[in-house]
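**Q** First the structure, which I've put down as C-alpha cells, then a few questions once you've had a look.
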Amino acid sequence: MAAFDGKAGGGSKKTAHGLSIGTHWGAARASFAADGGLRLDPLAEDPSPSPLMRGYAELADHPLRIGCPAVREGWLTARRGGRPDERRRGAEPFIPVPWDQAIALAADEIERVGRSFGNESIFAGSYGWGSAGRFHHPQSQLKRFMTLAGGFTFAKNTYSHAAGSVLLSRILGGDFSDPASCTPDWASVAAAGAFILAFGGITPRNTQVEGGGFVRHHVPGGLRRCAESGCRLVVVSPTADDAPDFPGVECLSIRPGTDTAFMLGVAHALIEAKRADEAFLARCTVGYEQVAAYVIGREDGVAKTPEWAAAICDCPAERIREVAGRLVVGPSLVACAWSLQRAEFGEQAFWMAITLAALVGQIGQPGCGLAFGLGSMNAVGRHGVRLRGPALPQGDNPVKTFIPVARIADLLLNPGATIDYDGQRLTFPHIRLVYWAGGNPFHHHQDLNRLRQAWKRPETVIVNETHWNPIARHADIVFPVCVGLERGDVCVARRGSEIFYSHQILPPRGEARTDHEVFRLMAARLGFEDAFTEGRSADDWLRWIYEGFVRNHPELPPFERFREMSAVDLADLVDDPGPVVPMGTFVADPEGAPLGTPSGKIELFSRTIASFGYADCGGHAGWFAPAEWLGSPATARHPLHLLSPQPENRLHSQLDQTSVGAAGKVAGREPVLINPRDAAARGIAEGQVVRVFNDRGACLAGARLTAAVRPGVVVMATGAWYDPDDPDAPMPIDRHGNPNVLTADVGTSSLGQGPSVNCLVDIAVAADPPPPGWDKPPSFSRP
C-alpha cells in the first residue's frame, strides 16, 4: 500500500492534513476545507468504501460532545450530606466539576465500595466497539485499571453471538467457539460455484464494519465473484431486504423465528429420500441415530416432515423439498446469520444448521458445508493471512465472579439469585458500583424499562463517554473522553491482514482526555500508577504493541516507517496461505486430527449438554416454540412480530447523532417498515408518526410502507438513542424509536443465556406525538 508524505503529528490542523485515521467503518485520509471543516476520504485501496465515514467526521465538533466532567446533582448532594439520593438517574440535572474533584470522587468511591463490600460488588461491564485501535480501547483500559484496583465482576461472551459461541464450543470444540471460524472464504465459495442456502440472509449493510479497524471492504467483491462464478443464492427470511443485490436471488418468506423448523423439514426430506451422506455422518459425527429418531418421529411421535415444517413456517412444503434436493446435487453451503441465535431457544438454529450441513456431507470441502455470519461483518469470509500480535494487557482479574453478557438487569435486580449457564450454577453478587466505558447498554440491552429499574439499584454509576448519549445521561459521574480523531493508535482487526497507524487529527475538544489518561489519574490517586502505566507513555505503548506484531511478522517495517505509511498489508509481504477450509484437516483425518469435543467429532447429539438436564435445551437440535411468535396465542393481543436488525446508517447506536444517522428518519424518529396490508388495517399512511407498543413499553416511530416485509411482520432497526418522554415515569414512551423498549429480556436458554429479541407488538397512529428530545444536552445546575 502506498505511503503518505505527511509525518505523524499532534493535533493541529496544519500538521494533521493528509494523515490516515482508522475507524470501524474503514481507514481514511484526513483533509481540511477552506472553511476549516474536516473531510475524511477513504483510502484508494478500498474497493467499496462505506458512506458512514461522513458521519465520523462530524463527531469531534458535535454539539452533544461532553465538555467537562459532570456529576449528577442528586448523587453529589447525597455525598455532601444534604439528603438521601433518590437515584433519579436519567431525570436529574448535572453539575460541572473540575477534573481533580471528579477523579477524587470516582477513585474514592471505587476504594470505598471495594473496602466495604468486596470487589465482586463492582461491575466493570463495558462492552466493545468503543475504539478501532489496539491501545485506546476503552474496555481494555477499564479492565486493566479495575484488575489493579482489586478486581471486578465481569461479563462473558458477546451480544453478537453469545448463545452460538457457547453451543459451538460444546459440539465443535473450543477452536470453533467464534462462529466466524466455521466460515469458508468468499473466494473458495466462488470457486466451488456453490448453491448457497442463507438463513437470515446476507446483508451488506452489516459488512460495512469490523472491530479493530481495516482498509478494504471485502464482501461486495466476494458476492460479485460468487455471482460471476455461477453460484445460486436462496435467502430464507421474513423480509426481502435481507437479500443482497445478487443476480437471480430467490427469497423464501417464512415466519420469524421458525428457521429451525424449516431445517428440520429439509432434514426429513433428505432422510426420507435416503439422500443423507451416511458415510460422512459415520466418519465425522456422533449422534446421528438420535437425530434421525427425532426427525422421523420415533422419539416423540411427531414426524418433522416438510408438511409439518410448512405449517409452522407458513412456507409451501414443496419449496422445502426443493431446497433439500438442491443441497445434495452439487456443491452447497448452509449459511446462517448470527441474528438467528439472538432469539429464545436460539441455540437450536445454529445446532440444526450444523446438523443439516452434516447430512449433506460437504463440511470440510473448500467453499462448501457450513457458514456462520457471512454478511455479519466485513472480515467474516476474508481470504488470506492474518496478523498476530498483542493488545493492551488486562492482567489477571482476582475476582472470578461473572455473568453471561446479556444478564445485566438480572444481576442488578436480583442479588443472591442463581441461574443456570453452560452446566454451571451462577450466583449474582450484590452490585454497588458500575463502571462503563466505550459502550451503550441503553442500545444493546433488551426491555429498557426493566433495565431502567435495574439501573437505579447500584449506589454509583461511573461512565467515560464522548457525547451525551443515553448511558452518559444515566450516570452519576461522567468523564469526557476523546474521540478517535483526537488521539493516535495502532489499528488492526482480529481477523485482518492490514495494520495501520491512526493519527491524531484534532486536538481534544473542551476538557476531553483519553480513557488511558482518566484511568492513569485515578490509578495515581489510588497508589498504583506505576503498575498501570509500567513506566510507558501512551506513545511508548503504541510502539510496544506494534513491535509485538513485528516479532511475529518480521516482514513488517520499523515503527518509524510504519507511522508514515497509509497501511501495511501482510498479504503483500508473504506467500498466500491458500483457501480457508474450516474443519478441512479434521474431515481429512478424523482420527489423527480430532476436534476438541469429548468424542473428537461433530456432536449432533451431545452427551454433555444432555447431562445438564435443561428443559429448554436438550441433547440434540430440536424445535421449541418461543413464547412470542406468529404461531402463539400472544398474537391475540399483539399480532405483529417486530424484527430489530442492525441499521444501514449506523454502527449499533454510533453515529445516530450525525447527519448520516439522521438520514431516513421520519419526523426525527426511527422508521418502522410495515406491509401495506397491515398499515391499511390500522389506518396508517406513509410518513405518519406511529406508536409501537406491547406490555413492556412503547415507542414512537415513522411509518414506511413496503411490500418487502411480509404481512404480520414489522421492522425497526436498532440504534436510535433512547429518549423517554418522562424519565421519572415507570413506563415512559420512547420518543425516538428504540426497539429495545419492546424486546423481551429473557435468556436464549439455560445453556447459553444469550440475548433474546423475540417480540410481538401492535401499531397505531400516534395522537399529538411529542417532539424528540434526545438531540439536546441534559440540563445543568450551578456548582
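In the C-alpha cells, chains take the letters A, B, ... in the order shown, each chain's residues start at 1, and ligands count up from 1 in the order shown.
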Go through range 400-503 of chain A residue by residue and, counting only C-alpha atoms, keep those with an atom at most 7 Å from range 104-122 of chain A; for each kept residue give the shortest atom pair and its distance in Å to one decimal, ordered by chain and increasing number, as a tab-separated table.
**A**
residue	atom	partner	partner_atom	distance
A:Thr401	CA	A:Glu120	CA	6.6
A:Pro429	CA	A:Ser121	CA	6.2
A:His430	CA	A:Ser121	CA	5.5
A:Ile431	CA	A:Ser121	CA	4.2
A:Arg432	CA	A:Ser121	CA	5.4
A:Leu433	CA	A:Ile122	CA	4.9
A:Val434	CA	A:Ile122	CA	5.9
**Q** Could you list, as a list in words, every residue within 7 Å of Leu751 in chain A, counting only C-alpha atoms and ignoring same-chain residues fewer than 6 positions away?
**A** Tyr421, Asp422 and Cys617 of chain A
**Q** Keeping only N, CA and C atoms, write those residues as a short mmCIF file (atom, residue, chain, number, x, y, z; two decimals), in the first residue's frame.
**A**
data_model
loop_
_atom_site.label_atom_id
_atom_site.label_comp_id
_atom_site.auth_asym_id
_atom_site.auth_seq_id
_atom_site.Cartn_x
_atom_site.Cartn_y
_atom_site.Cartn_z
N TYR A 421 -26.11 -21.84 33.64
CA TYR A 421 -25.35 -21.37 32.48
C TYR A 421 -24.31 -22.42 32.12
N ASP A 422 -24.49 -23.05 30.97
CA ASP A 422 -23.48 -23.94 30.40
C ASP A 422 -22.97 -24.97 31.41
N CYS A 617 -33.08 -26.90 26.45
CA CYS A 617 -32.00 -27.22 25.51
C CYS A 617 -31.58 -28.66 25.76
#
**Q** Provide the CA of Ile363 in chain A to CA of Arg283 in chain A distance in Å, to one decimal place.
**A**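 Distance between the two atoms: 11.9 Å.
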**Q** Measuring between only C-alpha atoms, which one of A:Ile95, A:Val461, A:Ala27, A:Leu148 shows the shortest distance to Ala531 in chain A?
**A**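 Smallest distance to Ala531 in chain A is found for A:Leu148.
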**Q** Residues of range 204-293 of chain A within 12 Å of range 151-172 of chain A: nearest atom pair and distance (Å, one decimal) for each, counting only C-alpha atoms, sorted by chain and number, as CSV?
**A**
residue,atom,partner,partner_atom,distance
A:Asn206,CA,A:Ser160,CA,11.8
A:Cys284,CA,A:Leu172,CA,10.9
A:Thr285,CA,A:Ile171,CA,9.8
A:Val286,CA,A:Ile171,CA,9.8
A:Gly287,CA,A:Ile171,CA,10.8
**Q** Convert the current residue selection to file output with N, CA and C atoms, as a short mmCIF file (atom, residue, chain, number, x, y, z; two decimals), in the first residue's frame.
**A**
data_model
loop_
_atom_site.label_atom_id
_atom_site.label_comp_id
_atom_site.auth_asym_id
_atom_site.auth_seq_id
_atom_site.Cartn_x
_atom_site.Cartn_y
_atom_site.Cartn_z
N ASN A 206 -24.54 -4.81 7.11
CA ASN A 206 -23.75 -5.21 8.29
C ASN A 206 -22.27 -5.28 7.99
N CYS A 284 -17.44 -38.64 10.69
CA CYS A 284 -17.14 -37.32 11.24
C CYS A 284 -18.10 -36.85 12.32
N THR A 285 -19.15 -37.58 12.62
CA THR A 285 -20.12 -37.11 13.61
C THR A 285 -20.47 -38.21 14.60
N VAL A 286 -21.04 -37.80 15.69
CA VAL A 286 -21.68 -38.73 16.63
C VAL A 286 -23.10 -38.23 16.85
N GLY A 287 -24.04 -39.16 17.07
CA GLY A 287 -25.39 -38.78 17.43
C GLY A 287 -26.40 -38.78 16.31
#
**Q** Fewer than 5 positions away in the same chain doesn't count, so skip those; otherwise give me all residues within 10 Å of Ala273 in chain A, counting only C-alpha atoms, as a ChimeraX atom specification.
**A** /A:267-268,324-325
